[in-house]
Structure formats: structure tokens, C-alpha cells
Amino acid sequence: MIMKGQQQQLDMDKWIEKGDVLIEALPYIQRFNRKIIVVKYGGSAMLDEELKLNVIEDAVLLKLCGFKPVIVHGGGKEINRWVDRVGMKHEFVDGFRVTDGDTMELVEMVLSKVNKDLVAKVQSLGVKAAGISGKDGGLIRVKKKMPGGRDIGFVGDIVSVDTKIIKDLIEKDFLPIVFPVGMDDEFNTYNVNADEAASAIAMELSAEKLVYLSDVEGVRENPDDPETVFSELYAGEAEDLMKKGIISGGMLPKIQNCLDALKGGISRIHIMDGRIPHSLLLEIFTHKGTGTAILGDKEEKYWNGK
């Protein structure tokens, strides 16, 4: 049985621990205050309402702490659900969804619905948000993607990014939320990979950080052991892991996007598991975080272990 005095001490210890967490966050708040952080949001965390609210709460807190977050979201799992619902078929080539005209119409409809739901959640927490697509303001210009020379329909390769509309929204104190579709020179609409869109937008905005929230814990030293996640990796270290085959499969294109973004001027890119509640805050505001940070070879590591 816990006596009253013991309970008071336990309560005090909890408050002191919370204070320590806030102090740990202080240098990160100082360093990244007024800096742009692009968050690519996808995976299972988009389907679970509690996790979705956690992600939105994290983004809102970042904004209220003086950061300038920009959310770029996918919606593949929700699209899959709607494809099944209307009786259409799934077909993928090299990980890209084969997208005919009817599928493109469905994709845009679902992504728009997801987008406005996220906008509503942000605004319910007292922060202004604006949902836009890559078509708005000529944000994302594309050409047809042809993996292996095969025509897979309305799937776009990013040709150029014009972030004026995002900068205008940030200037007006909105939190921009972008869904990844784009237009070609004939103004046809194309589906765009959300990871690629987030990377291209982050580079054009000269963002300080790029964060990938998905269904992976980070980069593993042993692909079969989730306990071997690297906390931080230099770009050169990541390239070595790719050459050795330690980074392989679906992680390869994500890491390549990270390396491209580093070459484009982003200093730190984070890969983390969006299924962990408040993983975004833990990664940005604590020394060890929850995922893997990929950083430029001249950047300083915060954490010397794994």
C-alpha cells in the first residue's frame, strides 16, 4: 500500500521527469525555430484515428513552438480500400500503381478526402491549415513515368516544383497540407509517389529537416531484428550499407530519396515508425529519438550509440 507521502513523492518525480524532457527539447527548439520541416505522412498511421490525431497534435505543437511544418501525405492504404469497394483491380509495376483514367479519378478523390480530414483535425486544435494538391499553383509539374519502358498510365515523374503557394501559406501563418498529384504540360493529372513529392518539395523550400513517417522503425543493421535500428547514419555510412546489401528491398528507394535530399541541401532526414504514438516529437526533441536520422557527412551526430 502506498502512503500519502510516498504518492506525493512519486507524483513529484513524474513532474521532474517531464521537466527534464522539456529541458532536453530546448536546444532543438532553439536550433530549428522558424525553420521549415517537411513531414511525409503515410502508412498505417493514416488509418488508425488515434494515431492520426497523435501525428496532427505533433505537427501542431511544432508550429506552436515556432517551427514551420509542411505535411505531404500519401494515402495508398485508403486508396486500396476504395479500389476494393468499387470492384476495381490492383496492379503494380516496380512498386508503382498502374493508374488508368478511372483509377486516377478515384486516387484524386480519395487523396482529396484524406487531405480535408487532416485539415479539419489541425484546425480543431486551433491552428490554421490549408489543404492543396500538387496541381494548385503549378506546385508539381510532371512527365509520364515509364519504369522499364512500360506505360503504367497516369503515374508521374517530377520535372519541376514551384513552392510559391506553400511559401505564401506559411507567410500567412497557415500549416500547408499537400497531397501528391501533379500535372504535365498538357494539364493532365498524374499520381505522384508521396516520398518523391516530399523530397522534391523539401529541397525547393530549402527545408531544415525532412521526416518520413511510415510503417518502418528505421534503418536496421540486421534486417530481421527490429532491435538493431540505427539512431543516426552519415550519408556515406548509408551508401556503404546499400553496397553491402544490408539496406535492400523497399528501404532502398526511401534511402535513395534521403541521399538525393541531402545532396539538395537538406541537413538531416528522419525515417521513423508512425505507428509509435508521438514519434515525430520524440525524434525531433530528444537526443536518441525513435527512428533513424540520415545526415550529411559534415553534420554533427547527437547520439554516439545506435
# chains A, B, ... in the order shown; residues from 1 in each chain; ligands from 1
call {"tool": "residues_around", "arguments": {"residues": "region 219-234 of chain A", "least_positions_apart": "6", "cutoff": "6 Å", "atoms": "only C-alpha atoms", "output": "NGL selection string"}}
result
:A and (291-297 or 306)
call {"tool": "write_last_selection", "arguments": {"atoms": "N, CA and C atoms", "output": "PDB file, in the first residue's frame"}}
result
ATOM      1  N   GLY A 291      13.617   6.732 -34.417  1.00  0.00           N
ATOM      2  CA  GLY A 291      13.906   6.168 -35.733  1.00  0.00           C
ATOM      3  C   GLY A 291      15.349   6.365 -36.106  1.00  0.00           C
ATOM      4  N   THR A 292      15.594   6.534 -37.406  1.00  0.00           N
ATOM      5  CA  THR A 292      16.946   6.735 -37.922  1.00  0.00           C
ATOM      6  C   THR A 292      17.046   8.109 -38.561  1.00  0.00           C
ATOM      7  N   ALA A 293      18.064   8.853 -38.176  1.00  0.00           N
ATOM      8  CA  ALA A 293      18.364  10.132 -38.822  1.00  0.00           C
ATOM      9  C   ALA A 293      19.495   9.907 -39.822  1.00  0.00           C
ATOM     10  N   ILE A 294      19.265  10.312 -41.078  1.00  0.00           N
ATOM     11  CA  ILE A 294      20.311  10.276 -42.110  1.00  0.00           C
ATOM     12  C   ILE A 294      20.825  11.703 -42.246  1.00  0.00           C
ATOM     13  N   LEU A 295      22.115  11.905 -42.046  1.00  0.00           N
ATOM     14  CA  LEU A 295      22.623  13.269 -42.055  1.00  0.00           C
ATOM     15  C   LEU A 295      23.832  13.420 -42.959  1.00  0.00           C
ATOM     16  N   GLY A 296      24.027  14.644 -43.393  1.00  0.00           N
ATOM     17  CA  GLY A 296      25.165  14.942 -44.242  1.00  0.00           C
ATOM     18  C   GLY A 296      26.471  14.652 -43.517  1.00  0.00           C
ATOM     19  N   ASP A 297      27.498  14.308 -44.273  1.00  0.00           N
ATOM     20  CA  ASP A 297      28.758  13.876 -43.673  1.00  0.00           C
ATOM     21  C   ASP A 297      29.442  14.969 -42.848  1.00  0.00           C
ATOM     22  N   LYS A 306      23.844   3.402 -31.049  1.00  0.00           N
ATOM     23  CA  LYS A 306      22.909   3.045 -32.114  1.00  0.00           C
ATOM     24  C   LYS A 306      21.508   3.435 -31.730  1.00  0.00           C
TER      25      LYS A 306
END
call {"tool": "residues_around", "arguments": {"residues": "region 186-193 of chain A", "least_positions_apart": "6", "cutoff": "7 Å", "atoms": "only C-alpha atoms", "output": "list of chain:residue names"}}
result
A:Met104, A:Phe154, A:Val155, A:Gly156, A:Pro180
call {"tool": "select_by_dssp", "arguments": {"residues": "region 55-232 of chain A", "states": "helix (DSSP H, G or I)", "output": "ChimeraX atom specification"}}
result
/A:55-64,76-85,101-124,136-138,147-149,164-171,194-205,226-228
call {"tool": "closest_residue", "arguments": {"among": "A:Met88, A:Met146, A:Val55, A:Leu205", "to": "Lys68 (chain A)", "atoms": "only C-alpha atoms"}}
result
A:Leu205
call {"tool": "atom_distance", "arguments": {"atom1": "CA of Gly137 (chain A)", "atom2": "CA of Val83 (chain A)"}}
result
28.8 Å
call {"tool": "residues_around", "arguments": {"residues": "Gly249 (chain A)", "least_positions_apart": "6", "cutoff": "12 Å", "atoms": "only C-alpha atoms", "output": "tab-separated table (two decimals) with N, CA and C atoms, in the first residue's frame"}}
result
chain	number	residue	atom	x	y	z
A	94	ASP	N	6.96	-2.44	-60.37
A	94	ASP	CA	8.10	-1.89	-59.64
A	94	ASP	C	7.64	-1.01	-58.47
A	95	GLY	N	6.55	-1.42	-57.82
A	95	GLY	CA	6.05	-0.69	-56.66
A	95	GLY	C	5.12	0.47	-56.99
A	219	VAL	N	16.30	2.36	-40.14
A	219	VAL	CA	17.26	1.51	-40.85
A	219	VAL	C	17.85	0.51	-39.86
A	223	PRO	N	18.39	-6.73	-40.88
A	223	PRO	CA	17.04	-6.51	-41.42
A	223	PRO	C	15.95	-7.30	-40.71
A	242	MET	N	24.08	0.18	-48.31
A	242	MET	CA	23.40	-0.18	-49.56
A	242	MET	C	24.30	-1.09	-50.40
A	255	ILE	N	15.85	5.31	-48.95
A	255	ILE	CA	17.19	5.82	-48.62
A	255	ILE	C	17.75	6.62	-49.78
A	256	GLN	N	17.48	6.20	-51.03
A	256	GLN	CA	17.96	6.96	-52.17
A	256	GLN	C	17.33	8.34	-52.20
